[in-house]
Amino acid sequence: MTENLELNMDAFLPLRDVVFNTLREAILKGELKPGERLMELQLASKLGVSRTPIREAIRMLEQEGLAVTVPRKGAEVAKMTEKDMEDVLVIRAALDELAAQLACDEIDDEQLKLLQASRRNFENCIQSGDVKQIAQADVEFHDRIYQATGNAKLINMLNNLREQMYRYRVEYLKDEANYPTLITEHQDLVEGIRRRDKEYVTAVMKRHVSNQAEAVKQMIQQQE
């Protein structure tokens, strides 16, 4: 277990969420390694909390696919596998393509301005080199497309999927070589939605998700 693990306090969040955010960030940064045990007593001692928020945080990590409970062994950091990644991305591809198509029909002028602003914000965040900040900006960009659909059911499904996607998104964004492609794809999506060209945005979104899947697949293979 990393010696640098410290509780990231936030006075506005319940303790379980503070613990969850701390462990989540440690996993995404690689400070807690795939396969590493998440022992409640040890984590509670390290973070200076009781075992209850640790247990609740681990349950939340499991919902995101960041932790798994192994029979007779306990919880551990989940390993990234090609199968898990492919299962998540094939669903994301279908829903993201649908969202882009619906956005072409439903987006209004104000929403288009917000989407364009999110695209620029993503490009600005890239200059920071802060992967967490870049990932948040990428999430915001796609959320603008989702909101523009006006379809609450679809938005809810995508929000649930987003948590499972986050780990793969971060892995993809750790490689700066992917940034030029991402910038171009975001620009193409905005332009296609502005023109309300469903065929074009569907093709761009398909390529967008496919590029991420291939890059993360290579990363997983390198770690095996």
# chains A, B, ... in the order shown; residues from 1 in each chain; ligands from 1
>>> select_by_dssp(residues="stretch 64-133 of chain A", states="strand (DSSP E)", output="PyMOL selection string")
chain A and resi 67-70+74-77
>>> residues_around(residues="stretch 152-169 of chain A", least_positions_apart="5", cutoff="6 Å", atoms="only C-alpha atoms", output="PyMOL selection string")
chain A and resi 64-65+146
>>> write_last_selection(atoms="C-alpha atoms", output="short mmCIF file (atom, residue, chain, number, x, y, z; two decimals), in the first residue's frame")
data_model
loop_
_atom_site.label_atom_id
_atom_site.label_comp_id
_atom_site.auth_asym_id
_atom_site.auth_seq_id
_atom_site.Cartn_x
_atom_site.Cartn_y
_atom_site.Cartn_z
CA GLU A 64 -17.30 2.00 -10.83
CA GLY A 65 -15.41 -1.15 -11.69
CA TYR A 146 -25.80 14.48 -23.91
#
>>> closest_residue(among="A:Ile220, A:Ile54, A:Val209, A:Ala100", to="A:Ile145", atoms="only C-alpha atoms")
A:Ala100
>>> residues_around(residues="stretch 194-198 of chain A", least_positions_apart="3", cutoff="9 Å", atoms="only C-alpha atoms", output="list in words")
Ala100, Gln101, Leu102, Ala103, Cys104, Asp105, Ile107, Leu112, Leu189, Val190, Glu191, Val201, Thr202 and Ala203 of chain A
>>> write_last_selection(atoms="C-alpha atoms", output="JSON list (two decimals), in the first residue's frame")
[["chain", "number", "residue", "atom", "x", "y", "z"],
["A", 100, "ALA", "CA", -24.76, 12.77, -31.33],
["A", 101, "GLN", "CA", -27.59, 12.01, -33.75],
["A", 102, "LEU", "CA", -30.25, 13.31, -31.35],
["A", 103, "ALA", "CA", -28.16, 16.40, -30.62],
["A", 104, "CYS", "CA", -28.22, 17.21, -34.34],
["A", 105, "ASP", "CA", -32.02, 17.36, -34.13],
["A", 107, "ILE", "CA", -29.53, 21.35, -30.02],
["A", 112, "LEU", "CA", -24.21, 24.97, -29.26],
["A", 189, "LEU", "CA", -18.08, 16.66, -33.63],
["A", 190, "VAL", "CA", -18.92, 20.29, -32.94],
["A", 191, "GLU", "CA", -18.88, 21.13, -36.65],
["A", 201, "VAL", "CA", -21.24, 12.91, -36.56],
["A", 202, "THR", "CA", -22.03, 9.19, -36.37],
["A", 203, "ALA", "CA", -18.86, 8.39, -38.32]]
>>> closest_residue(among="A:Met39, A:Ala148, A:Ala44, A:Ala213", to="A:Glu110", atoms="only C-alpha atoms")
A:Ala148
>>> closest_residue(among="A:Glu76, A:Asp143, A:Asp130, A:Glu214", to="A:Asn178", atoms="only C-alpha atoms")
A:Glu214
>>> residues_around(residues="A:Leu43", least_positions_apart="4", cutoff="12 Å", atoms="only C-alpha atoms", output="number ranges by chain")
A: 1-3, 5-7, 19-20, 22-23, 32, 37-39, 47-55, 57-58, 75-76
>>> residues_around(residues="A:Lys33", least_positions_apart="3", cutoff="12 Å", atoms="only C-alpha atoms", output="list in words")
Met1, Thr2, Leu23, Arg24, Glu25, Ala26, Ile27, Leu28, Lys29, Gly30, Glu36, Arg37, Leu38, Leu66, Ala67, Glu76, Val77, Ala78, Lys79, Met80 and Gln223 of chain A
>>> decode(residues="stretch 199-213 of chain A", atoms="all heavy atoms", output="PDB file, in the first residue's frame")
ATOM      1  N   GLU A 199     -25.101  11.731 -40.359  1.00  0.00           N
ATOM      2  CA  GLU A 199     -24.208  10.717 -40.914  1.00  0.00           C
ATOM      3  C   GLU A 199     -22.756  11.024 -40.576  1.00  0.00           C
ATOM      4  O   GLU A 199     -21.979  10.138 -40.204  1.00  0.00           O
ATOM      5  CB  GLU A 199     -24.387  10.639 -42.434  1.00  0.00           C
ATOM      6  CG  GLU A 199     -23.585   9.531 -43.092  1.00  0.00           C
ATOM      7  CD  GLU A 199     -23.858   9.393 -44.569  1.00  0.00           C
ATOM      8  OE1 GLU A 199     -24.856   9.985 -45.048  1.00  0.00           O
ATOM      9  OE2 GLU A 199     -23.077   8.712 -45.267  1.00  0.00           O
ATOM     10  N   TYR A 200     -22.412  12.303 -40.660  1.00  0.00           N
ATOM     11  CA  TYR A 200     -21.036  12.722 -40.386  1.00  0.00           C
ATOM     12  C   TYR A 200     -20.687  12.531 -38.908  1.00  0.00           C
ATOM     13  O   TYR A 200     -19.642  11.952 -38.575  1.00  0.00           O
ATOM     14  CB  TYR A 200     -20.860  14.187 -40.784  1.00  0.00           C
ATOM     15  CG  TYR A 200     -19.482  14.734 -40.530  1.00  0.00           C
ATOM     16  CD1 TYR A 200     -18.418  14.417 -41.369  1.00  0.00           C
ATOM     17  CD2 TYR A 200     -19.244  15.587 -39.447  1.00  0.00           C
ATOM     18  CE1 TYR A 200     -17.147  14.924 -41.153  1.00  0.00           C
ATOM     19  CE2 TYR A 200     -17.982  16.102 -39.215  1.00  0.00           C
ATOM     20  CZ  TYR A 200     -16.937  15.769 -40.073  1.00  0.00           C
ATOM     21  OH  TYR A 200     -15.675  16.269 -39.834  1.00  0.00           O
ATOM     22  N   VAL A 201     -21.559  13.007 -37.995  1.00  0.00           N
ATOM     23  CA  VAL A 201     -21.238  12.909 -36.563  1.00  0.00           C
ATOM     24  C   VAL A 201     -21.223  11.453 -36.100  1.00  0.00           C
ATOM     25  O   VAL A 201     -20.461  11.097 -35.194  1.00  0.00           O
ATOM     26  CB  VAL A 201     -22.195  13.739 -35.675  1.00  0.00           C
ATOM     27  CG1 VAL A 201     -22.091  15.218 -36.003  1.00  0.00           C
ATOM     28  CG2 VAL A 201     -23.629  13.260 -35.789  1.00  0.00           C
ATOM     29  N   THR A 202     -22.041  10.610 -36.720  1.00  0.00           N
ATOM     30  CA  THR A 202     -22.028   9.188 -36.370  1.00  0.00           C
ATOM     31  C   THR A 202     -20.677   8.575 -36.709  1.00  0.00           C
ATOM     32  O   THR A 202     -20.093   7.824 -35.912  1.00  0.00           O
ATOM     33  CB  THR A 202     -23.141   8.432 -37.113  1.00  0.00           C
ATOM     34  OG1 THR A 202     -24.407   8.976 -36.744  1.00  0.00           O
ATOM     35  CG2 THR A 202     -23.114   6.947 -36.759  1.00  0.00           C
ATOM     36  N   ALA A 203     -20.162   8.912 -37.888  1.00  0.00           N
ATOM     37  CA  ALA A 203     -18.858   8.393 -38.316  1.00  0.00           C
ATOM     38  C   ALA A 203     -17.739   8.911 -37.423  1.00  0.00           C
ATOM     39  O   ALA A 203     -16.828   8.171 -37.045  1.00  0.00           O
ATOM     40  CB  ALA A 203     -18.593   8.769 -39.773  1.00  0.00           C
ATOM     41  N   VAL A 204     -17.809  10.195 -37.062  1.00  0.00           N
ATOM     42  CA  VAL A 204     -16.775  10.789 -36.203  1.00  0.00           C
ATOM     43  C   VAL A 204     -16.808  10.159 -34.818  1.00  0.00           C
ATOM     44  O   VAL A 204     -15.769   9.803 -34.251  1.00  0.00           O
ATOM     45  CB  VAL A 204     -16.958  12.320 -36.083  1.00  0.00           C
ATOM     46  CG1 VAL A 204     -15.979  12.899 -35.059  1.00  0.00           C
ATOM     47  CG2 VAL A 204     -16.741  12.998 -37.428  1.00  0.00           C
ATOM     48  N   MET A 205     -17.999   9.972 -34.254  1.00  0.00           N
ATOM     49  CA  MET A 205     -18.114   9.402 -32.918  1.00  0.00           C
ATOM     50  C   MET A 205     -17.636   7.952 -32.912  1.00  0.00           C
ATOM     51  O   MET A 205     -16.974   7.508 -31.961  1.00  0.00           O
ATOM     52  CB  MET A 205     -19.559   9.489 -32.415  1.00  0.00           C
ATOM     53  CG  MET A 205     -19.718   9.132 -30.948  1.00  0.00           C
ATOM     54  SD  MET A 205     -18.873  10.303 -29.835  1.00  0.00           S
ATOM     55  CE  MET A 205     -20.121  11.600 -29.723  1.00  0.00           C
ATOM     56  N   LYS A 206     -17.960   7.215 -33.964  1.00  0.00           N
ATOM     57  CA  LYS A 206     -17.507   5.827 -34.065  1.00  0.00           C
ATOM     58  C   LYS A 206     -15.980   5.779 -34.067  1.00  0.00           C
ATOM     59  O   LYS A 206     -15.363   4.963 -33.377  1.00  0.00           O
ATOM     60  CB  LYS A 206     -18.055   5.190 -35.339  1.00  0.00           C
ATOM     61  CG  LYS A 206     -17.765   3.697 -35.483  1.00  0.00           C
ATOM     62  CD  LYS A 206     -18.246   3.169 -36.809  1.00  0.00           C
ATOM     63  CE  LYS A 206     -19.742   3.241 -36.935  1.00  0.00           C
ATOM     64  NZ  LYS A 206     -20.431   2.289 -36.017  1.00  0.00           N
ATOM     65  N   ARG A 207     -15.359   6.677 -34.832  1.00  0.00           N
ATOM     66  CA  ARG A 207     -13.895   6.742 -34.895  1.00  0.00           C
ATOM     67  C   ARG A 207     -13.312   7.184 -33.559  1.00  0.00           C
ATOM     68  O   ARG A 207     -12.286   6.673 -33.114  1.00  0.00           O
ATOM     69  CB  ARG A 207     -13.479   7.717 -35.990  1.00  0.00           C
ATOM     70  CG  ARG A 207     -11.977   7.780 -36.243  1.00  0.00           C
ATOM     71  CD  ARG A 207     -11.648   8.674 -37.420  1.00  0.00           C
ATOM     72  NE  ARG A 207     -11.746  10.082 -37.103  1.00  0.00           N
ATOM     73  CZ  ARG A 207     -12.626  10.913 -37.644  1.00  0.00           C
ATOM     74  NH1 ARG A 207     -13.520  10.483 -38.514  1.00  0.00           N
ATOM     75  NH2 ARG A 207     -12.636  12.200 -37.302  1.00  0.00           N
ATOM     76  N   HIS A 208     -13.981   8.109 -32.913  1.00  0.00           N
ATOM     77  CA  HIS A 208     -13.549   8.663 -31.632  1.00  0.00           C
ATOM     78  C   HIS A 208     -13.441   7.568 -30.569  1.00  0.00           C
ATOM     79  O   HIS A 208     -12.429   7.441 -29.878  1.00  0.00           O
ATOM     80  CB  HIS A 208     -14.569   9.726 -31.204  1.00  0.00           C
ATOM     81  CG  HIS A 208     -14.224  10.466 -29.947  1.00  0.00           C
ATOM     82  ND1 HIS A 208     -13.053  11.154 -29.764  1.00  0.00           N
ATOM     83  CD2 HIS A 208     -14.930  10.636 -28.800  1.00  0.00           C
ATOM     84  CE1 HIS A 208     -13.039  11.714 -28.574  1.00  0.00           C
ATOM     85  NE2 HIS A 208     -14.159  11.405 -27.961  1.00  0.00           N
ATOM     86  N   VAL A 209     -14.476   6.742 -30.452  1.00  0.00           N
ATOM     87  CA  VAL A 209     -14.491   5.667 -29.453  1.00  0.00           C
ATOM     88  C   VAL A 209     -13.537   4.550 -29.868  1.00  0.00           C
ATOM     89  O   VAL A 209     -12.842   3.962 -29.033  1.00  0.00           O
ATOM     90  CB  VAL A 209     -15.918   5.124 -29.259  1.00  0.00           C
ATOM     91  CG1 VAL A 209     -15.918   3.964 -28.265  1.00  0.00           C
ATOM     92  CG2 VAL A 209     -16.848   6.229 -28.765  1.00  0.00           C
ATOM     93  N   SER A 210     -13.477   4.259 -31.166  1.00  0.00           N
ATOM     94  CA  SER A 210     -12.601   3.195 -31.661  1.00  0.00           C
ATOM     95  C   SER A 210     -11.134   3.502 -31.389  1.00  0.00           C
ATOM     96  O   SER A 210     -10.360   2.626 -30.996  1.00  0.00           O
ATOM     97  CB  SER A 210     -12.821   2.995 -33.162  1.00  0.00           C
ATOM     98  OG  SER A 210     -11.934   2.025 -33.672  1.00  0.00           O
ATOM     99  N   ASN A 211     -10.744   4.751 -31.595  1.00  0.00           N
ATOM    100  CA  ASN A 211      -9.358   5.146 -31.330  1.00  0.00           C
ATOM    101  C   ASN A 211      -8.998   4.969 -29.862  1.00  0.00           C
ATOM    102  O   ASN A 211      -7.901   4.512 -29.517  1.00  0.00           O
ATOM    103  CB  ASN A 211      -9.139   6.614 -31.736  1.00  0.00           C
ATOM    104  CG  ASN A 211      -9.029   6.788 -33.236  1.00  0.00           C
ATOM    105  OD1 ASN A 211      -8.744   5.845 -33.965  1.00  0.00           O
ATOM    106  ND2 ASN A 211      -9.268   8.000 -33.714  1.00  0.00           N
ATOM    107  N   GLN A 212      -9.931   5.314 -28.984  1.00  0.00           N
ATOM    108  CA  GLN A 212      -9.693   5.144 -27.555  1.00  0.00           C
ATOM    109  C   GLN A 212      -9.573   3.667 -27.208  1.00  0.00           C
ATOM    110  O   GLN A 212      -8.678   3.268 -26.455  1.00  0.00           O
ATOM    111  CB  GLN A 212     -10.820   5.772 -26.742  1.00  0.00           C
ATOM    112  CG  GLN A 212     -10.622   5.627 -25.237  1.00  0.00           C
ATOM    113  CD  GLN A 212     -11.679   6.372 -24.445  1.00  0.00           C
ATOM    114  OE1 GLN A 212     -12.401   7.203 -24.981  1.00  0.00           O
ATOM    115  NE2 GLN A 212     -11.773   6.065 -23.168  1.00  0.00           N
ATOM    116  N   ALA A 213     -10.457   2.845 -27.771  1.00  0.00           N
ATOM    117  CA  ALA A 213     -10.436   1.406 -27.484  1.00  0.00           C
ATOM    118  C   ALA A 213      -9.108   0.789 -27.899  1.00  0.00           C
ATOM    119  O   ALA A 213      -8.512  -0.004 -27.157  1.00  0.00           O
ATOM    120  CB  ALA A 213     -11.589   0.716 -28.206  1.00  0.00           C
TER     121      ALA A 213
END
